[in-house]
Amino acid sequence: MTRYPAKRGIFLCHRAMIWLYRTVFCRGGYGVHSPFAFDLITNVIEEKRPFYCYEMLDNMRLQLRRESRCLRCGDRELTAKQALRRLCFSAQGYRLLFRLANRFHPGKILAVGSGMGLTPLSVTACSTDAGCVVFEPEPSVAVIARNLIKKYARSSIGVHVGMPGEPEPPDLNRFDFIVWGTSGAERGAGFAADFSPEAFEKLLRYAADESVMIISGINGSRAAKKTWKGICAHPGVSVTMDLYSLGIVFFSPKLNRKTYKCIPL
C-alpha cells in the first residue's frame with residue numbers, strides 16, 4: 001500500500017494550518033513597523049474593493065476554459081482546463097498581479113511564463129503605456145497566449161518562445177516589474193521555469209534597484225522553500241514578502257532587509 005495519500009493529507013493539513021494562522025495573526029499589517037510594507041499590505045495585498053478590470057480578467061479565464069485545442073507541455077498533453085490549473089495563477093492571483101502593477105506603474109515588464117496570456121494582460125491592464133516582454137517555453141501555449149493578447153491587449157506585449165537567453169530579443173535589458181512563474185508553484189503546477197538559485201541569479205541581471213519581482217510557488221516543495229529562504233538572504237535583496245503561494249521581492253537599498261508574511265485577499 002502506497003504512503004502517498006497519507007503524505008498528501010499531511011501536506012494539505014499543514015497548508016491549511018498555515019493559512020489559518022496567517023488569516024488570524026498576519027492581517028491588517030499587524031506587527032509591521034515599516035511604513036512601506038504596512039501600506040503595501042493594507043492597501044494592495046489585502047485590498048477588498050473591486051477594480052474595473054476584474055470582470056475582464058474573469059472573462060478571459062472563461063474564454064480559455066472553453067478552448068477546444070489541447071496544449072503540449074513537456075511530455076504531457078493537457079486540456080485547456082488542466083492547463084489553467086497547472087500553468088496559471090488563480091483568479092485571486094491575477095487580481096493581485098493587477099493591483100501590484102497598478103501600485104508601482106511599471107514601464108517595462110518581463111514575464112517568464114505567459115499563463116496562456118493571462119499574466120501579461122493582468123500586469124498591463126492598468127496602463128496603455130507599459131511594454132511587456134513574455135518568454136513562454138511551450139510553443140502550443142504561446143499560440144493560445146498570442147490569440148488572447150491580440151484580443152484584449154491595451155499596450156505592447158511581445159511573446160517569445162523559449163526562455164531568457166535562448167536567445168534574447170534586442171530590447172531585453174532592465175525591467176521595472178518581473179513576474180516569474182516557476183515549477184514549484186502550488187497545485188504541483190508545471191510553470192515556466194525551474195525555481196532554483198541558479199535561475200534566480202540569471203533573472204537578477206534584468207532587475208534594477210527599483211524593480212519588483214513576483215515569484216510563484218515559493219512554498220510548493222522543500223526545495224522551493226529552501227530556494228526562497230536563499231533569495232530572502234541574498235545580498236542584493238532588501239524587502240521580501242511571503243504570501244505563501246507567491247513571493248514579492250524588492251531590491252532597493254533604501255529599504256531595510258526584512259521578510260514579511262501575510263495572506264492576500
# chains A, B, ... in the order shown; residues from 1 in each chain; ligands from 1

$ residues_around --residues "Val249 in chain A" --least-positions-apart "4" --cutoff "6 Å" --atoms "only C-alpha atoms" --output "short mmCIF file (atom, residue, chain, number, x, y, z; two decimals) with all heavy atoms, in the first residue's frame"
data_model
loop_
_atom_site.label_atom_id
_atom_site.label_comp_id
_atom_site.auth_asym_id
_atom_site.auth_seq_id
_atom_site.Cartn_x
_atom_site.Cartn_y
_atom_site.Cartn_z
N VAL A 212 10.60 45.32 -9.05
CA VAL A 212 9.77 44.45 -8.21
C VAL A 212 9.69 43.10 -8.90
O VAL A 212 9.46 43.03 -10.11
CB VAL A 212 8.35 45.02 -8.04
CG1 VAL A 212 7.52 44.11 -7.13
CG2 VAL A 212 8.40 46.44 -7.48
N MET A 213 9.91 42.02 -8.16
CA MET A 213 9.82 40.68 -8.73
C MET A 213 8.77 39.88 -7.98
O MET A 213 8.77 39.83 -6.75
CB MET A 213 11.18 39.96 -8.64
CG MET A 213 11.17 38.56 -9.25
SD MET A 213 12.77 37.66 -9.07
CE MET A 213 13.81 38.61 -10.17
N THR A 240 11.38 41.33 1.36
CA THR A 240 10.66 40.24 0.72
C THR A 240 9.34 40.03 1.45
O THR A 240 9.24 40.26 2.65
CB THR A 240 11.47 38.92 0.75
OG1 THR A 240 11.94 38.69 2.09
CG2 THR A 240 12.65 38.99 -0.18
#

$ residues_around --residues "Pro139 in chain A" --least-positions-apart "6" --cutoff "9 Å" --atoms "only C-alpha atoms" --output "list in words"
Leu71, Arg72, Cys73, Val161 and Gly162 of chain A

$ write_last_selection --atoms "C-alpha atoms" --output "mmCIF file, in the first residue's frame"
data_model
loop_
_atom_site.group_PDB
_atom_site.id
_atom_site.type_symbol
_atom_site.label_atom_id
_atom_site.label_comp_id
_atom_site.auth_asym_id
_atom_site.auth_seq_id
_atom_site.Cartn_x
_atom_site.Cartn_y
_atom_site.Cartn_z
ATOM 1 C CA LEU A 71 -1.754 22.030 -25.268
ATOM 2 C CA ARG A 72 1.588 20.265 -25.226
ATOM 3 C CA CYS A 73 3.553 20.899 -22.038
ATOM 4 C CA VAL A 161 9.071 31.111 -27.453
ATOM 5 C CA GLY A 162 11.836 29.920 -25.161
#

$ residues_around --residues "range 37-43 of chain A" --least-positions-apart "2" --cutoff "12 Å" --atoms "only C-alpha atoms" --output "number ranges by chain"
A: 26-35, 45-49, 96, 99-104, 238-243, 248-250, 255-265

$ closest_residue --among "A:Ser252, A:Asn147, A:Gln92, A:Ser245" --to "Glu67 in chain A" --atoms "only C-alpha atoms"
A:Asn147

$ select_by_dssp --residues "range 38-146 of chain A" --states "helix (DSSP H, G or I)" --output "MDAnalysis selection string"
chainID A and resid 38:45 54:65 80:87 91:104 115:124 139:146

$ closest_residue --among "A:Met116, A:Pro106, A:Thr79, A:Ser140" --to "Ser211 in chain A" --atoms "only C-alpha atoms"
A:Pro106

$ closest_residue --among "A:Leu78, A:Val159, A:Leu97, A:Cys126" --to "Leu246 in chain A" --atoms "only C-alpha atoms"
A:Leu97

$ atom_distance --atom1 "CA of Phe200 in chain A" --atom2 "CA of Thr182 in chain A"
10.5 Å

$ residues_around --residues "Glu136 in chain A" --least-positions-apart "6" --cutoff "8 Å" --atoms "only C-alpha atoms" --output "PDB file with N, CA and C atoms, in the first residue's frame"
ATOM      1  N   VAL A 112       8.134  35.679 -17.245  1.00  0.00           N
ATOM      2  CA  VAL A 112       8.706  34.372 -17.572  1.00  0.00           C
ATOM      3  C   VAL A 112       7.600  33.348 -17.362  1.00  0.00           C
ATOM      4  N   GLY A 113       6.974  32.934 -18.457  1.00  0.00           N
ATOM      5  CA  GLY A 113       5.756  32.130 -18.422  1.00  0.00           C
ATOM      6  C   GLY A 113       4.567  33.020 -18.729  1.00  0.00           C
ATOM      7  N   SER A 114       3.823  32.676 -19.755  1.00  0.00           N
ATOM      8  CA  SER A 114       2.735  33.552 -20.216  1.00  0.00           C
ATOM      9  C   SER A 114       1.433  33.346 -19.461  1.00  0.00           C
ATOM     10  N   ALA A 142       2.196  29.300 -26.271  1.00  0.00           N
ATOM     11  CA  ALA A 142       2.459  30.617 -26.852  1.00  0.00           C
ATOM     12  C   ALA A 142       1.405  30.986 -27.885  1.00  0.00           C
ATOM     13  N   VAL A 159       5.469  38.182 -27.320  1.00  0.00           N
ATOM     14  CA  VAL A 159       5.621  36.830 -26.803  1.00  0.00           C
ATOM     15  C   VAL A 159       6.734  36.121 -27.572  1.00  0.00           C
ATOM     16  N   HIS A 160       7.729  35.621 -26.837  1.00  0.00           N
ATOM     17  CA  HIS A 160       8.856  34.898 -27.428  1.00  0.00           C
ATOM     18  C   HIS A 160       8.840  33.462 -26.931  1.00  0.00           C
ATOM     19  N   VAL A 161       9.020  32.521 -27.831  1.00  0.00           N
ATOM     20  CA  VAL A 161       9.071  31.111 -27.453  1.00  0.00           C
ATOM     21  C   VAL A 161      10.473  30.784 -26.960  1.00  0.00           C
ATOM     22  N   GLY A 162      10.555  30.243 -25.763  1.00  0.00           N
ATOM     23  CA  GLY A 162      11.836  29.920 -25.161  1.00  0.00           C
ATOM     24  C   GLY A 162      11.963  30.564 -23.797  1.00  0.00           C
ATOM     25  N   MET A 163      13.174  30.657 -23.307  1.00  0.00           N
ATOM     26  CA  MET A 163      13.475  31.265 -22.021  1.00  0.00           C
ATOM     27  C   MET A 163      14.471  32.394 -22.222  1.00  0.00           C
ATOM     28  N   ALA A 192       6.733  27.825 -15.864  1.00  0.00           N
ATOM     29  CA  ALA A 192       7.667  28.022 -16.952  1.00  0.00           C
ATOM     30  C   ALA A 192       9.109  27.701 -16.616  1.00  0.00           C
TER      31      ALA A 192
END

$ select_by_dssp --residues "range 57-116 of chain A" --states "strand (DSSP E)" --output "list in words"
Leu71, Arg72, Cys73, Arg76, Glu77, Leu78, Lys108, Ile109, Leu110, Ala111 and Val112 of chain A

$ write_last_selection --atoms "N, CA, C and O atoms" --output "PDB file, in the first residue's frame"
ATOM      1  N   LEU A  71      -3.044  21.384 -25.325  1.00  0.00           N
ATOM      2  CA  LEU A  71      -1.754  22.030 -25.268  1.00  0.00           C
ATOM      3  C   LEU A  71      -0.683  21.009 -24.892  1.00  0.00           C
ATOM      4  O   LEU A  71      -0.915  20.151 -24.040  1.00  0.00           O
ATOM      5  N   ARG A  72       0.461  21.146 -25.520  1.00  0.00           N
ATOM      6  CA  ARG A  72       1.588  20.265 -25.226  1.00  0.00           C
ATOM      7  C   ARG A  72       2.508  20.956 -24.230  1.00  0.00           C
ATOM      8  O   ARG A  72       3.020  22.045 -24.487  1.00  0.00           O
ATOM      9  N   CYS A  73       2.693  20.346 -23.075  1.00  0.00           N
ATOM     10  CA  CYS A  73       3.553  20.899 -22.038  1.00  0.00           C
ATOM     11  C   CYS A  73       4.583  19.853 -21.656  1.00  0.00           C
ATOM     12  O   CYS A  73       4.263  18.900 -20.932  1.00  0.00           O
ATOM     13  N   ARG A  76       3.675  16.044 -21.769  1.00  0.00           N
ATOM     14  CA  ARG A  76       2.275  15.822 -21.436  1.00  0.00           C
ATOM     15  C   ARG A  76       1.367  16.648 -22.341  1.00  0.00           C
ATOM     16  O   ARG A  76       1.738  17.729 -22.801  1.00  0.00           O
ATOM     17  N   GLU A  77       0.177  16.108 -22.585  1.00  0.00           N
ATOM     18  CA  GLU A  77      -0.838  16.831 -23.340  1.00  0.00           C
ATOM     19  C   GLU A  77      -1.955  17.212 -22.383  1.00  0.00           C
ATOM     20  O   GLU A  77      -2.515  16.348 -21.703  1.00  0.00           O
ATOM     21  N   LEU A  78      -2.291  18.489 -22.336  1.00  0.00           N
ATOM     22  CA  LEU A  78      -3.272  18.993 -21.380  1.00  0.00           C
ATOM     23  C   LEU A  78      -4.451  19.619 -22.093  1.00  0.00           C
ATOM     24  O   LEU A  78      -4.302  20.238 -23.148  1.00  0.00           O
ATOM     25  N   LYS A 108       8.437  48.944 -17.992  1.00  0.00           N
ATOM     26  CA  LYS A 108       8.958  47.773 -18.693  1.00  0.00           C
ATOM     27  C   LYS A 108       8.736  46.544 -17.829  1.00  0.00           C
ATOM     28  O   LYS A 108       9.148  46.496 -16.662  1.00  0.00           O
ATOM     29  N   ILE A 109       8.094  45.537 -18.402  1.00  0.00           N
ATOM     30  CA  ILE A 109       7.691  44.345 -17.660  1.00  0.00           C
ATOM     31  C   ILE A 109       8.265  43.107 -18.347  1.00  0.00           C
ATOM     32  O   ILE A 109       8.228  42.992 -19.574  1.00  0.00           O
ATOM     33  N   LEU A 110       8.762  42.180 -17.531  1.00  0.00           N
ATOM     34  CA  LEU A 110       9.232  40.883 -18.023  1.00  0.00           C
ATOM     35  C   LEU A 110       8.396  39.788 -17.385  1.00  0.00           C
ATOM     36  O   LEU A 110       8.262  39.742 -16.160  1.00  0.00           O
ATOM     37  N   ALA A 111       7.813  38.929 -18.206  1.00  0.00           N
ATOM     38  CA  ALA A 111       7.036  37.793 -17.702  1.00  0.00           C
ATOM     39  C   ALA A 111       7.695  36.503 -18.177  1.00  0.00           C
ATOM     40  O   ALA A 111       7.815  36.276 -19.383  1.00  0.00           O
ATOM     41  N   VAL A 112       8.134  35.679 -17.245  1.00  0.00           N
ATOM     42  CA  VAL A 112       8.706  34.372 -17.572  1.00  0.00           C
ATOM     43  C   VAL A 112       7.600  33.348 -17.362  1.00  0.00           C
ATOM     44  O   VAL A 112       7.287  32.958 -16.242  1.00  0.00           O
TER      45      VAL A 112
END

$ atom_distance --atom1 "CA of Asp58 in chain A" --atom2 "CA of Tyr244 in chain A"
22.8 Å

$ atom_distance --atom1 "CA of Asp209 in chain A" --atom2 "CA of Pro253 in chain A"
7.0 Å

$ residues_around --residues "Ala125 in chain A" --least-positions-apart "4" --cutoff "7 Å" --atoms "only C-alpha atoms" --output "list in words"
Phe98, Leu121 and Arg154 of chain A

$ decode --residues "range 199-220 of chain A" --atoms "N, CA, C and O atoms" --output "short mmCIF file (atom, residue, chain, number, x, y, z; two decimals), in the first residue's frame"
data_model
loop_
_atom_site.label_atom_id
_atom_site.label_comp_id
_atom_site.auth_asym_id
_atom_site.auth_seq_id
_atom_site.Cartn_x
_atom_site.Cartn_y
_atom_site.Cartn_z
N ALA A 199 18.60 29.87 -11.37
CA ALA A 199 17.62 30.58 -12.20
C ALA A 199 17.40 32.00 -11.67
O ALA A 199 17.24 32.95 -12.45
N PHE A 200 17.39 32.14 -10.34
CA PHE A 200 17.24 33.47 -9.76
C PHE A 200 18.40 34.38 -10.13
O PHE A 200 18.21 35.56 -10.48
N GLU A 201 19.61 33.85 -10.10
CA GLU A 201 20.79 34.64 -10.45
C GLU A 201 20.70 35.10 -11.91
O GLU A 201 21.12 36.23 -12.24
N LYS A 202 20.18 34.25 -12.79
CA LYS A 202 20.04 34.64 -14.20
C LYS A 202 19.06 35.78 -14.36
O LYS A 202 19.27 36.70 -15.16
N LEU A 203 17.96 35.74 -13.59
CA LEU A 203 16.96 36.80 -13.70
C LEU A 203 17.42 38.10 -13.05
O LEU A 203 16.93 39.17 -13.39
N LEU A 204 18.35 38.01 -12.11
CA LEU A 204 18.84 39.20 -11.42
C LEU A 204 19.44 40.22 -12.37
O LEU A 204 19.41 41.42 -12.10
N ARG A 205 20.01 39.76 -13.48
CA ARG A 205 20.65 40.70 -14.39
C ARG A 205 19.64 41.60 -15.09
O ARG A 205 20.02 42.60 -15.70
N TYR A 206 18.34 41.25 -14.99
CA TYR A 206 17.31 42.09 -15.59
C TYR A 206 16.65 43.01 -14.56
O TYR A 206 15.73 43.76 -14.91
N ALA A 207 17.10 42.95 -13.32
CA ALA A 207 16.49 43.74 -12.25
C ALA A 207 17.37 44.93 -11.89
O ALA A 207 18.61 44.83 -11.88
N ALA A 208 16.73 46.05 -11.57
CA ALA A 208 17.42 47.25 -11.09
C ALA A 208 17.03 47.47 -9.63
O ALA A 208 16.23 46.72 -9.06
N ASP A 209 17.59 48.51 -9.02
CA ASP A 209 17.31 48.78 -7.60
C ASP A 209 15.83 48.98 -7.33
O ASP A 209 15.33 48.58 -6.27
N GLU A 210 15.12 49.58 -8.26
CA GLU A 210 13.71 49.89 -8.05
C GLU A 210 12.78 48.83 -8.64
O GLU A 210 11.57 49.04 -8.69
N SER A 211 13.33 47.71 -9.07
CA SER A 211 12.50 46.66 -9.67
C SER A 211 11.70 45.92 -8.60
O SER A 211 12.07 45.87 -7.43
N VAL A 212 10.60 45.32 -9.05
CA VAL A 212 9.77 44.45 -8.21
C VAL A 212 9.69 43.10 -8.90
O VAL A 212 9.46 43.03 -10.11
N MET A 213 9.91 42.02 -8.16
CA MET A 213 9.82 40.68 -8.73
C MET A 213 8.77 39.88 -7.98
O MET A 213 8.77 39.83 -6.75
N ILE A 214 7.86 39.24 -8.73
CA ILE A 214 6.84 38.37 -8.15
C ILE A 214 7.17 36.94 -8.57
O ILE A 214 7.35 36.66 -9.75
N ILE A 215 7.25 36.04 -7.59
CA ILE A 215 7.65 34.66 -7.84
C ILE A 215 6.56 33.72 -7.36
O ILE A 215 6.12 33.80 -6.21
N SER A 216 6.12 32.82 -8.20
CA SER A 216 5.11 31.84 -7.80
C SER A 216 5.78 30.61 -7.19
O SER A 216 6.96 30.35 -7.40
N GLY A 217 5.01 29.87 -6.39
CA GLY A 217 5.45 28.56 -5.93
C GLY A 217 6.56 28.54 -4.92
O GLY A 217 7.32 27.57 -4.84
N ILE A 218 6.68 29.58 -4.09
CA ILE A 218 7.80 29.64 -3.15
C ILE A 218 7.69 28.60 -2.03
O ILE A 218 8.69 28.29 -1.38
N ASN A 219 6.50 28.06 -1.80
CA ASN A 219 6.32 27.03 -0.78
C ASN A 219 5.78 25.74 -1.38
O ASN A 219 5.16 24.93 -0.69
N GLY A 220 6.03 25.53 -2.67
CA GLY A 220 5.48 24.38 -3.36
C GLY A 220 6.16 23.06 -3.04
O GLY A 220 5.62 21.99 -3.29
#
